[in-house]
$ cat data.pdb   # PDB, C-alpha atoms, pLDDT in the B column
ATOM      1  CA  GLU X   1       6.866   9.849  12.619  1.00 80.00           C
ATOM      2  CA  LEU X   2       6.717   9.906   8.851  1.00 86.00           C
ATOM      3  CA  LYS X   3       3.828  11.901   7.401  1.00 92.00           C
ATOM      4  CA  VAL X   4       2.816  11.729   3.771  1.00 95.00           C
ATOM      5  CA  GLU X   5       0.481  14.339   2.327  1.00 96.00           C
ATOM      6  CA  GLN X   6      -1.109  14.259  -1.086  1.00 96.00           C
ATOM      7  CA  ASN X   7      -2.930  17.042  -2.817  1.00 96.00           C
ATOM      8  CA  PRO X   8      -5.405  17.486  -4.139  1.00 96.00           C
ATOM      9  CA  LEU X   9      -7.496  14.735  -2.531  1.00 95.00           C
ATOM     10  CA  PHE X  10     -10.145  15.054  -5.237  1.00 95.00           C
ATOM     11  CA  LEU X  11      -9.548  16.020  -8.831  1.00 94.00           C
ATOM     12  CA  SER X  12     -12.090  16.340 -11.585  1.00 95.00           C
ATOM     13  CA  MET X  13     -10.680  17.081 -14.990  1.00 92.00           C
ATOM     14  CA  GLN X  14     -11.777  17.046 -18.589  1.00 94.00           C
ATOM     15  CA  GLU X  15     -10.386  14.669 -21.137  1.00 96.00           C
ATOM     16  CA  GLY X  16      -7.396  16.052 -22.947  1.00 96.00           C
ATOM     17  CA  LYS X  17      -6.242  18.281 -20.109  1.00 96.00           C
ATOM     18  CA  ASN X  18      -3.008  18.081 -18.115  1.00 96.00           C
ATOM     19  CA  TYR X  19      -2.685  18.062 -14.353  1.00 95.00           C
ATOM     20  CA  THR X  20      -0.251  17.248 -11.550  1.00 97.00           C
ATOM     21  CA  ILE X  21      -0.750  15.423  -8.252  1.00 98.00           C
ATOM     22  CA  TYR X  22       1.670  16.296  -5.466  1.00 98.00           C
ATOM     23  CA  CYS X  23       3.061  14.117  -2.717  1.00 97.00           C
ATOM     24  CA  ASN X  24       4.983  15.702   0.167  1.00 97.00           C
ATOM     25  CA  TYR X  25       6.636  13.729   2.938  1.00 96.00           C
ATOM     26  CA  SER X  26       8.225  14.686   6.225  1.00 94.00           C
ATOM     27  CA  THR X  27      11.258  12.427   6.678  1.00 89.00           C
ATOM     28  CA  THR X  28      14.251  11.765   4.485  1.00 84.00           C
ATOM     29  CA  SER X  29      13.686   8.848   2.168  1.00 81.00           C
ATOM     30  CA  ASP X  30      15.047   7.912  -1.224  1.00 69.00           C
ATOM     31  CA  ARG X  31      12.313   5.460  -2.073  1.00 83.00           C
ATOM     32  CA  LEU X  32       8.846   6.457  -3.198  1.00 91.00           C
ATOM     33  CA  TYR X  33       6.045   4.530  -4.855  1.00 92.00           C
ATOM     34  CA  TRP X  34       2.939   5.407  -6.804  1.00 95.00           C
ATOM     35  CA  TYR X  35      -0.056   3.079  -6.883  1.00 94.00           C
ATOM     36  CA  ARG X  36      -3.399   3.083  -8.641  1.00 96.00           C
ATOM     37  CA  GLN X  37      -6.604   1.706  -7.129  1.00 94.00           C
ATOM     38  CA  ASP X  38      -9.897   1.160  -8.926  1.00 93.00           C
ATOM     39  CA  PRO X  39     -13.080   1.059  -6.783  1.00 88.00           C
ATOM     40  CA  GLY X  40     -13.305  -2.129  -4.713  1.00 85.00           C
ATOM     41  CA  LYS X  41     -10.041  -3.398  -6.139  1.00 89.00           C
ATOM     42  CA  SER X  42      -6.523  -3.905  -4.930  1.00 89.00           C
ATOM     43  CA  LEU X  43      -3.559  -1.610  -5.534  1.00 91.00           C
ATOM     44  CA  GLU X  44      -1.651  -1.732  -8.796  1.00 91.00           C
ATOM     45  CA  SER X  45       1.960  -0.626  -8.751  1.00 89.00           C
ATOM     46  CA  LEU X  46       2.689   2.216 -11.194  1.00 93.00           C
ATOM     47  CA  PHE X  47       6.150   3.541 -10.397  1.00 92.00           C
ATOM     48  CA  VAL X  48       9.053   2.985  -8.059  1.00 89.00           C
ATOM     49  CA  LEU X  49      11.337   6.024  -7.669  1.00 90.00           C
ATOM     50  CA  LEU X  50      14.646   5.209  -6.054  1.00 83.00           C
ATOM     51  CA  SER X  51      16.848   8.296  -6.210  1.00 81.00           C
ATOM     52  CA  ASN X  52      16.854  12.059  -6.311  1.00 84.00           C
ATOM     53  CA  GLY X  53      15.888  13.318  -9.722  1.00 86.00           C
ATOM     54  CA  ALA X  54      14.368  10.018 -10.780  1.00 88.00           C
ATOM     55  CA  VAL X  55      11.769  10.346 -13.507  1.00 92.00           C
ATOM     56  CA  LYS X  56       9.656   7.517 -14.885  1.00 93.00           C
ATOM     57  CA  GLN X  57       7.004   7.560 -17.564  1.00 95.00           C
ATOM     58  CA  GLU X  58       4.343   5.099 -18.585  1.00 94.00           C
ATOM     59  CA  GLY X  59       1.849   6.188 -21.189  1.00 95.00           C
ATOM     60  CA  ARG X  60       0.136   9.394 -20.079  1.00 96.00           C
ATOM     61  CA  LEU X  61       1.598   9.264 -16.562  1.00 97.00           C
ATOM     62  CA  MET X  62       4.981  10.604 -15.501  1.00 98.00           C
ATOM     63  CA  ALA X  63       6.358  10.493 -11.967  1.00 97.00           C
ATOM     64  CA  SER X  64       9.326  12.368 -10.536  1.00 96.00           C
ATOM     65  CA  LEU X  65      11.132  12.540  -7.230  1.00 94.00           C
ATOM     66  CA  ASP X  66      12.963  15.428  -5.536  1.00 93.00           C
ATOM     67  CA  THR X  67      14.402  14.032  -2.309  1.00 90.00           C
ATOM     68  CA  LYS X  68      15.811  17.386  -1.236  1.00 92.00           C
ATOM     69  CA  ALA X  69      12.377  18.993  -1.354  1.00 93.00           C
ATOM     70  CA  ARG X  70      10.774  15.755  -0.126  1.00 94.00           C
ATOM     71  CA  LEU X  71       8.361  15.976  -3.000  1.00 95.00           C
ATOM     72  CA  SER X  72       7.125  13.662  -5.692  1.00 96.00           C
ATOM     73  CA  THR X  73       4.795  14.562  -8.522  1.00 97.00           C
ATOM     74  CA  LEU X  74       2.543  12.475 -10.740  1.00 98.00           C
ATOM     75  CA  HIS X  75       1.846  14.325 -13.964  1.00 98.00           C
ATOM     76  CA  ILE X  76      -1.072  13.405 -16.174  1.00 96.00           C
ATOM     77  CA  THR X  77      -0.861  14.361 -19.820  1.00 96.00           C
ATOM     78  CA  ALA X  78      -3.934  14.597 -22.054  1.00 95.00           C
ATOM     79  CA  ALA X  79      -6.160  12.727 -19.636  1.00 94.00           C
ATOM     80  CA  VAL X  80      -8.517  10.005 -20.818  1.00 95.00           C
ATOM     81  CA  HIS X  81     -11.493   8.476 -19.004  1.00 95.00           C
ATOM     82  CA  ASP X  82      -9.602   5.216 -18.361  1.00 95.00           C
ATOM     83  CA  LEU X  83      -7.292   7.072 -15.990  1.00 96.00           C
ATOM     84  CA  SER X  84     -10.167   7.636 -13.538  1.00 97.00           C
ATOM     85  CA  ALA X  85      -9.076   5.967 -10.283  1.00 96.00           C
ATOM     86  CA  THR X  86      -7.549   6.780  -6.914  1.00 95.00           C
ATOM     87  CA  TYR X  87      -3.805   7.337  -6.919  1.00 97.00           C
ATOM     88  CA  PHE X  88      -1.675   6.791  -3.838  1.00 96.00           C
ATOM     89  CA  CYS X  89       1.898   7.718  -3.126  1.00 96.00           C
ATOM     90  CA  ALA X  90       3.796   5.776  -0.491  1.00 93.00           C
ATOM     91  CA  VAL X  91       7.143   6.519   1.105  1.00 92.00           C
ATOM     92  CA  ALA X  92       9.474   3.822   2.379  1.00 85.00           C
ATOM     93  CA  LEU X  93      11.490   3.846   5.546  1.00 81.00           C
ATOM     94  CA  VAL X  94      14.224   1.253   5.787  1.00 74.00           C
ATOM     95  CA  ASP X  95      15.613   0.396   9.212  1.00 70.00           C
ATOM     96  CA  SER X  96      18.991  -1.029   8.314  1.00 66.00           C
ATOM     97  CA  GLY X  97      19.675  -2.135  11.865  1.00 67.00           C
ATOM     98  CA  ALA X  98      16.489  -4.131  12.205  1.00 63.00           C
ATOM     99  CA  GLY X  99      16.377  -4.986   8.520  1.00 61.00           C
ATOM    100  CA  SER X 100      12.794  -3.814   8.430  1.00 65.00           C
ATOM    101  CA  TYR X 101      10.993  -1.960   5.713  1.00 68.00           C
ATOM    102  CA  GLN X 102       7.725  -0.063   5.940  1.00 78.00           C
ATOM    103  CA  LEU X 103       5.600   1.980   3.598  1.00 85.00           C
ATOM    104  CA  THR X 104       3.565   4.962   4.758  1.00 90.00           C
ATOM    105  CA  PHE X 105       0.752   5.899   2.386  1.00 93.00           C
ATOM    106  CA  GLY X 106      -0.822   9.219   1.557  1.00 94.00           C
ATOM    107  CA  LYS X 107      -4.614   9.481   1.705  1.00 94.00           C
ATOM    108  CA  GLY X 108      -4.925   9.197  -2.036  1.00 95.00           C
ATOM    109  CA  THR X 109      -6.125  11.437  -4.849  1.00 96.00           C
ATOM    110  CA  LYS X 110      -9.439  10.467  -6.383  1.00 95.00           C
ATOM    111  CA  LEU X 111      -9.238  11.371 -10.055  1.00 96.00           C
ATOM    112  CA  SER X 112     -12.323  11.654 -12.238  1.00 96.00           C
ATOM    113  CA  VAL X 113     -11.787  12.300 -15.924  1.00 96.00           C
ATOM    114  CA  ILE X 114     -14.895  13.679 -17.568  1.00 93.00           C
ATOM    115  CA  PRO X 115     -15.500  13.030 -21.261  1.00 88.00           C
TER     116      PRO X 115
ATOM    117  CA  ASP U   1       0.935 -17.738 -12.011  1.00 60.00           C
ATOM    118  CA  GLY U   2       2.654 -16.260  -8.991  1.00 68.00           C
ATOM    119  CA  GLY U   3       0.697 -13.939  -6.774  1.00 90.00           C
ATOM    120  CA  ILE U   4      -1.049 -13.224  -3.509  1.00 94.00           C
ATOM    121  CA  THR U   5      -4.409 -14.751  -2.694  1.00 95.00           C
ATOM    122  CA  GLN U   6      -6.698 -13.303  -0.075  1.00 96.00           C
ATOM    123  CA  SER U   7      -9.869 -14.966   1.129  1.00 95.00           C
ATOM    124  CA  PRO U   8     -12.679 -14.527   1.609  1.00 96.00           C
ATOM    125  CA  LYS U   9     -13.510 -11.550  -0.584  1.00 94.00           C
ATOM    126  CA  TYR U  10     -16.344 -10.534   1.764  1.00 95.00           C
ATOM    127  CA  LEU U  11     -16.627 -11.354   5.468  1.00 94.00           C
ATOM    128  CA  PHE U  12     -19.206 -10.523   8.102  1.00 92.00           C
ATOM    129  CA  ARG U  13     -18.512 -10.456  11.796  1.00 90.00           C
ATOM    130  CA  LYS U  14     -20.978 -10.718  14.648  1.00 89.00           C
ATOM    131  CA  GLU U  15     -20.457  -8.813  17.876  1.00 85.00           C
ATOM    132  CA  GLY U  16     -17.942 -10.535  20.155  1.00 87.00           C
ATOM    133  CA  GLN U  17     -16.709 -12.828  17.424  1.00 92.00           C
ATOM    134  CA  ASN U  18     -13.145 -13.324  16.224  1.00 95.00           C
ATOM    135  CA  VAL U  19     -12.661 -13.705  12.485  1.00 96.00           C
ATOM    136  CA  THR U  20      -9.594 -14.688  10.487  1.00 97.00           C
ATOM    137  CA  LEU U  21      -8.578 -13.344   7.098  1.00 97.00           C
ATOM    138  CA  SER U  22      -6.399 -15.535   4.961  1.00 98.00           C
ATOM    139  CA  CYS U  23      -3.379 -14.415   2.937  1.00 98.00           C
ATOM    140  CA  GLU U  24      -1.251 -16.833   0.882  1.00 97.00           C
ATOM    141  CA  GLN U  25       1.585 -16.003  -1.520  1.00 96.00           C
ATOM    142  CA  ASN U  26       3.627 -18.133  -3.904  1.00 95.00           C
ATOM    143  CA  LEU U  27       6.128 -15.432  -4.839  1.00 91.00           C
ATOM    144  CA  ASN U  28       8.770 -16.803  -2.456  1.00 90.00           C
ATOM    145  CA  HIS U  29       8.757 -13.455  -0.654  1.00 89.00           C
ATOM    146  CA  ASP U  30      10.090 -13.300   2.880  1.00 87.00           C
ATOM    147  CA  ALA U  31       8.208 -10.170   3.934  1.00 89.00           C
ATOM    148  CA  MET U  32       4.446  -9.938   4.332  1.00 93.00           C
ATOM    149  CA  TYR U  33       2.204  -7.104   5.493  1.00 94.00           C
ATOM    150  CA  TRP U  34      -1.375  -6.371   6.511  1.00 96.00           C
ATOM    151  CA  TYR U  35      -2.952  -3.000   5.803  1.00 96.00           C
ATOM    152  CA  ARG U  36      -6.337  -1.578   6.673  1.00 96.00           C
ATOM    153  CA  GLN U  37      -8.102   0.878   4.359  1.00 94.00           C
ATOM    154  CA  ASP U  38     -11.061   3.002   5.435  1.00 93.00           C
ATOM    155  CA  PRO U  39     -13.172   4.925   2.911  1.00 85.00           C
ATOM    156  CA  GLY U  40     -11.399   8.030   1.678  1.00 78.00           C
ATOM    157  CA  GLN U  41      -8.274   7.133   3.603  1.00 81.00           C
ATOM    158  CA  GLY U  42      -4.874   5.810   2.746  1.00 86.00           C
ATOM    159  CA  LEU U  43      -3.583   2.461   3.904  1.00 92.00           C
ATOM    160  CA  ARG U  44      -2.508   1.986   7.512  1.00 93.00           C
ATOM    161  CA  LEU U  45      -0.121  -0.758   8.563  1.00 93.00           C
ATOM    162  CA  ILE U  46      -1.478  -3.294  11.054  1.00 96.00           C
ATOM    163  CA  TYR U  47       1.294  -5.917  11.276  1.00 95.00           C
ATOM    164  CA  TYR U  48       4.251  -6.994   9.220  1.00 92.00           C
ATOM    165  CA  SER U  49       6.582  -9.954   9.155  1.00 92.00           C
ATOM    166  CA  GLN U  50      10.082 -10.041   7.697  1.00 87.00           C
ATOM    167  CA  ILE U  51      10.686 -13.729   8.289  1.00 88.00           C
ATOM    168  CA  VAL U  52       8.930 -16.895   9.396  1.00 93.00           C
ATOM    169  CA  ASN U  53       8.047 -17.041  13.106  1.00 94.00           C
ATOM    170  CA  ASP U  54       8.633 -13.327  13.545  1.00 92.00           C
ATOM    171  CA  PHE U  55       6.337 -10.323  13.188  1.00 93.00           C
ATOM    172  CA  GLN U  56       6.098  -6.719  14.390  1.00 91.00           C
ATOM    173  CA  LYS U  57       3.260  -4.375  15.187  1.00 93.00           C
ATOM    174  CA  GLY U  58       2.460  -1.614  12.773  1.00 91.00           C
ATOM    175  CA  ASP U  59       0.688   1.643  13.480  1.00 90.00           C
ATOM    176  CA  ILE U  60      -2.737   0.198  14.395  1.00 95.00           C
ATOM    177  CA  ALA U  61      -2.130  -3.287  15.807  1.00 96.00           C
ATOM    178  CA  GLU U  62      -4.578  -3.087  18.725  1.00 96.00           C
ATOM    179  CA  GLY U  63      -7.439  -5.550  18.342  1.00 96.00           C
ATOM    180  CA  TYR U  64      -5.592  -7.645  15.767  1.00 97.00           C
ATOM    181  CA  SER U  65      -3.315 -10.668  15.896  1.00 97.00           C
ATOM    182  CA  VAL U  66      -1.200 -12.499  13.317  1.00 98.00           C
ATOM    183  CA  SER U  67       0.916 -15.601  12.946  1.00 98.00           C
ATOM    184  CA  ARG U  68       3.687 -16.546  10.520  1.00 97.00           C
ATOM    185  CA  GLU U  69       4.210 -20.278  10.804  1.00 97.00           C
ATOM    186  CA  LYS U  70       4.898 -20.726   7.102  1.00 97.00           C
ATOM    187  CA  LYS U  71       6.655 -18.494   4.609  1.00 96.00           C
ATOM    188  CA  GLU U  72       3.664 -18.606   2.283  1.00 97.00           C
ATOM    189  CA  SER U  73       0.981 -17.697   4.813  1.00 98.00           C
ATOM    190  CA  PHE U  74       0.256 -14.693   7.021  1.00 98.00           C
ATOM    191  CA  PRO U  75      -3.291 -14.884   8.450  1.00 98.00           C
ATOM    192  CA  LEU U  76      -4.820 -11.936  10.269  1.00 98.00           C
ATOM    193  CA  THR U  77      -7.291 -12.387  13.114  1.00 97.00           C
ATOM    194  CA  VAL U  78      -9.637  -9.536  13.905  1.00 96.00           C
ATOM    195  CA  THR U  79     -10.499 -10.017  17.548  1.00 95.00           C
ATOM    196  CA  SER U  80     -13.545  -8.893  19.513  1.00 91.00           C
ATOM    197  CA  ALA U  81     -11.324  -6.201  21.025  1.00 90.00           C
ATOM    198  CA  GLN U  82     -11.339  -4.372  17.686  1.00 91.00           C
ATOM    199  CA  LYS U  83     -14.451  -2.257  18.145  1.00 89.00           C
ATOM    200  CA  ASN U  84     -14.553  -0.755  14.672  1.00 92.00           C
ATOM    201  CA  PRO U  85     -13.470  -3.524  12.310  1.00 94.00           C
ATOM    202  CA  THR U  86     -15.427  -2.507   9.222  1.00 95.00           C
ATOM    203  CA  ALA U  87     -12.822  -1.788   6.552  1.00 96.00           C
ATOM    204  CA  PHE U  88     -11.091  -3.113   3.466  1.00 95.00           C
ATOM    205  CA  TYR U  89      -8.097  -5.258   4.403  1.00 96.00           C
ATOM    206  CA  LEU U  90      -5.157  -5.666   2.070  1.00 95.00           C
ATOM    207  CA  CYS U  91      -2.320  -8.145   2.361  1.00 96.00           C
ATOM    208  CA  ALA U  92       0.995  -7.506   0.626  1.00 93.00           C
ATOM    209  CA  SER U  93       4.367  -9.148   0.218  1.00 92.00           C
ATOM    210  CA  SER U  94       7.835  -8.124  -0.883  1.00 86.00           C
ATOM    211  CA  ILE U  95      11.406  -9.255  -1.128  1.00 79.00           C
ATOM    212  CA  SER U  96      12.913  -8.885   2.315  1.00 65.00           C
ATOM    213  CA  TRP U  97      15.526  -6.223   2.830  1.00 57.00           C
ATOM    214  CA  PHE U  98      17.515  -8.872   4.680  1.00 52.00           C
ATOM    215  CA  ARG U  99      17.795 -10.974   1.562  1.00 50.00           C
ATOM    216  CA  ASP U 100      18.614  -8.261  -0.932  1.00 51.00           C
ATOM    217  CA  ARG U 101      20.428  -5.221   0.437  1.00 52.00           C
ATOM    218  CA  ASP U 102      20.616  -3.604  -2.995  1.00 52.00           C
ATOM    219  CA  LEU U 103      16.929  -3.104  -3.582  1.00 50.00           C
ATOM    220  CA  SER U 104      17.539  -0.847  -6.543  1.00 50.00           C
ATOM    221  CA  ALA U 105      18.730  -3.852  -8.487  1.00 43.00           C
ATOM    222  CA  THR U 106      15.453  -5.619  -8.001  1.00 48.00           C
ATOM    223  CA  ASN U 107      13.164  -2.635  -8.414  1.00 51.00           C
ATOM    224  CA  GLU U 108      11.593  -3.846  -5.233  1.00 58.00           C
ATOM    225  CA  LYS U 109       7.977  -3.073  -4.485  1.00 71.00           C
ATOM    226  CA  LEU U 110       4.998  -4.393  -2.615  1.00 81.00           C
ATOM    227  CA  PHE U 111       2.676  -6.822  -4.332  1.00 88.00           C
ATOM    228  CA  PHE U 112      -0.905  -6.628  -3.077  1.00 92.00           C
ATOM    229  CA  GLY U 113      -3.669  -9.181  -2.816  1.00 94.00           C
ATOM    230  CA  SER U 114      -7.192  -8.457  -4.001  1.00 93.00           C
ATOM    231  CA  GLY U 115      -8.448  -7.534  -0.537  1.00 94.00           C
ATOM    232  CA  THR U 116     -11.128  -8.610   1.942  1.00 96.00           C
ATOM    233  CA  GLN U 117     -14.078  -6.376   2.806  1.00 95.00           C
ATOM    234  CA  LEU U 118     -15.011  -6.952   6.445  1.00 95.00           C
ATOM    235  CA  SER U 119     -18.353  -5.733   7.753  1.00 94.00           C
ATOM    236  CA  VAL U 120     -20.092  -5.977  11.109  1.00 88.00           C
ATOM    237  CA  LEU U 121     -23.542  -7.559  11.369  1.00 83.00           C
TER     238      LEU U 121
END
$ encode --input "data.pdb" --output "structure tokens"
Amino acid sequence: ELKVEQNPLFLSMQEGKNYTIYCNYSTTSDRLYWYRQDPGKSLESLFVLLSNGAVKQEGRLMASLDTKARLSTLHITAAVHDLSATYFCAVALVDSGAGSYQLTFGKGTKLSVIP
Amino acid sequence: DGGITQSPKYLFRKEGQNVTLSCEQNLNHDAMYWYRQDPGQGLRLIYYSQIVNDFQKGDIAEGYSVSREKKESFPLTVTSAQKNPTAFYLCASSISWFRDRDLSATNEKLFFGSGTQLSVL
């Protein structure tokens, strides 16, 4: 059974500071996703990481994937209030025989950026 | 605009009642999914469907049922057997792995609807 663990689950940080959210998973996968969710809203796709060593950046967010360590990080640079949200990582398992595809989500990291 | 539409946004269920949540997509995606989200928790997979007239149970299928009679539609019924139905329900769709074996070329990902908040009266 695939387990996905995020930490921290809650993060309060001041504007302008840097921080990293970690996502560990238990089963080999080369496909990891990061999503953002605002309160009462749906999930917005941030990054898709498809191979070992993949790094993607969008604005103040940068995501990386180390498939050997089964670890992905979401780094926040010089945080601003607009980044306050809950961030989820999700790991994909592809069953090539059945042709099925499933995502297992972490519990999410609730980020609050304080002015 | 292409996307996924969930309705209603809010739904209330009485004891012993079945309720159905609607999910429609016009993205021409083969695969569709239902997730349940409880406060402070991640998303848990209820059911998924890779193709019309076929669907599989996810991790928490008990007390739920689905149908996939059309490619565009994947309704979820919360039955009276689901004793703790209060949650936020999210529908998603994606390109099927069957159709595109090289997912890296498509940067494949799940597209989510706006969600339905189900509460018990």
$ resolve_selection --input "data.pdb" --expression "the PyMOL selection byres ((chain U and resi 58-61) around 12)" --output "PyMOL selection string"
(chain X and resi 1-2+100-105) or (chain U and resi 33-37+43-49+55-57+62-66+76-79+81-82+84-85)
$ write_last_selection --input "data.pdb" --atoms "C-alpha atoms" --output "short mmCIF file (atom, residue, chain, number, x, y, z; two decimals), in the frame of the given file"
data_model
loop_
_atom_site.label_atom_id
_atom_site.label_comp_id
_atom_site.auth_asym_id
_atom_site.auth_seq_id
_atom_site.Cartn_x
_atom_site.Cartn_y
_atom_site.Cartn_z
CA GLU X 1 6.87 9.85 12.62
CA LEU X 2 6.72 9.91 8.85
CA SER X 100 12.79 -3.81 8.43
CA TYR X 101 10.99 -1.96 5.71
CA GLN X 102 7.72 -0.06 5.94
CA LEU X 103 5.60 1.98 3.60
CA THR X 104 3.56 4.96 4.76
CA PHE X 105 0.75 5.90 2.39
CA TYR U 33 2.20 -7.10 5.49
CA TRP U 34 -1.38 -6.37 6.51
CA TYR U 35 -2.95 -3.00 5.80
CA ARG U 36 -6.34 -1.58 6.67
CA GLN U 37 -8.10 0.88 4.36
CA LEU U 43 -3.58 2.46 3.90
CA ARG U 44 -2.51 1.99 7.51
CA LEU U 45 -0.12 -0.76 8.56
CA ILE U 46 -1.48 -3.29 11.05
CA TYR U 47 1.29 -5.92 11.28
CA TYR U 48 4.25 -6.99 9.22
CA SER U 49 6.58 -9.95 9.15
CA PHE U 55 6.34 -10.32 13.19
CA GLN U 56 6.10 -6.72 14.39
CA LYS U 57 3.26 -4.38 15.19
CA GLU U 62 -4.58 -3.09 18.73
CA GLY U 63 -7.44 -5.55 18.34
CA TYR U 64 -5.59 -7.64 15.77
CA SER U 65 -3.32 -10.67 15.90
CA VAL U 66 -1.20 -12.50 13.32
CA LEU U 76 -4.82 -11.94 10.27
CA THR U 77 -7.29 -12.39 13.11
CA VAL U 78 -9.64 -9.54 13.90
CA THR U 79 -10.50 -10.02 17.55
CA ALA U 81 -11.32 -6.20 21.02
CA GLN U 82 -11.34 -4.37 17.69
CA ASN U 84 -14.55 -0.76 14.67
CA PRO U 85 -13.47 -3.52 12.31
#
$ resolve_selection --input "data.pdb" --expression "the ChimeraX specification (/U :<8) & /X" --output "ChimeraX atom specification"
/X:33,41-45,48,50,88,99-101,104-108
$ residues_around --input "data.pdb" --residues "Ser119 in chain U" --least-positions-apart "3" --cutoff "7 Å" --atoms "only C-alpha atoms" --output "list of chain:residue names"
U:Leu11, U:Phe12, U:Arg13, U:Thr86, U:Ala87
$ closest_residue --input "data.pdb" --among "X:Leu49, X:Leu11, X:Met62, X:Ser26" --to "Thr86 in chain X" --atoms "only C-alpha atoms"
X:Leu11
$ atom_distance --input "data.pdb" --atom1 "CA of Ala69 in chain X" --atom2 "CA of Thr27 in chain X"
10.4 Å
$ resolve_selection --input "data.pdb" --expression "the PyMOL selection byres ((chain X and resi 32) around 8)" --output "PyMOL selection string"
chain X and resi 29-31+33-34+48-50+65+72+89-92
$ residues_near_point --input "data.pdb" --point "(2.0, 5.8, -21.7)" --cutoff "12 Å" --atoms "all atoms listed in the file" --output "count of residues only"
16
$ atom_distance --input "data.pdb" --atom1 "CA of Asn7 in chain X" --atom2 "CA of Asp66 in chain X"
16.2 Å
$ atom_distance --input "data.pdb" --atom1 "CA of Lys110 in chain X" --atom2 "CA of Gln14 in chain X"
14.1 Å
$ closest_residue --input "data.pdb" --among "X:Gln6, X:Ser84, X:Asn52, X:Thr67" --to "Asn24 in chain X" --atoms "only C-alpha atoms"
X:Gln6
$ residues_near_point --input "data.pdb" --point "(0.8, 15.6, -9.8)" --cutoff "6 Å" --atoms "all atoms listed in the file" --output "JSON, numbers by chain"
{"X": [20, 21, 22, 73, 74, 75]}
$ closest_residue --input "data.pdb" --among "X:Lys3, X:Ser51, X:His81, X:Gly40" --to "Ile114 in chain X" --atoms "all atoms listed in the file"
X:His81
$ closest_residue --input "data.pdb" --among "U:Asn53, U:Ser7, U:Ser80, U:Ser67" --to "Cys23 in chain U" --atoms "only C-alpha atoms"
U:Ser7
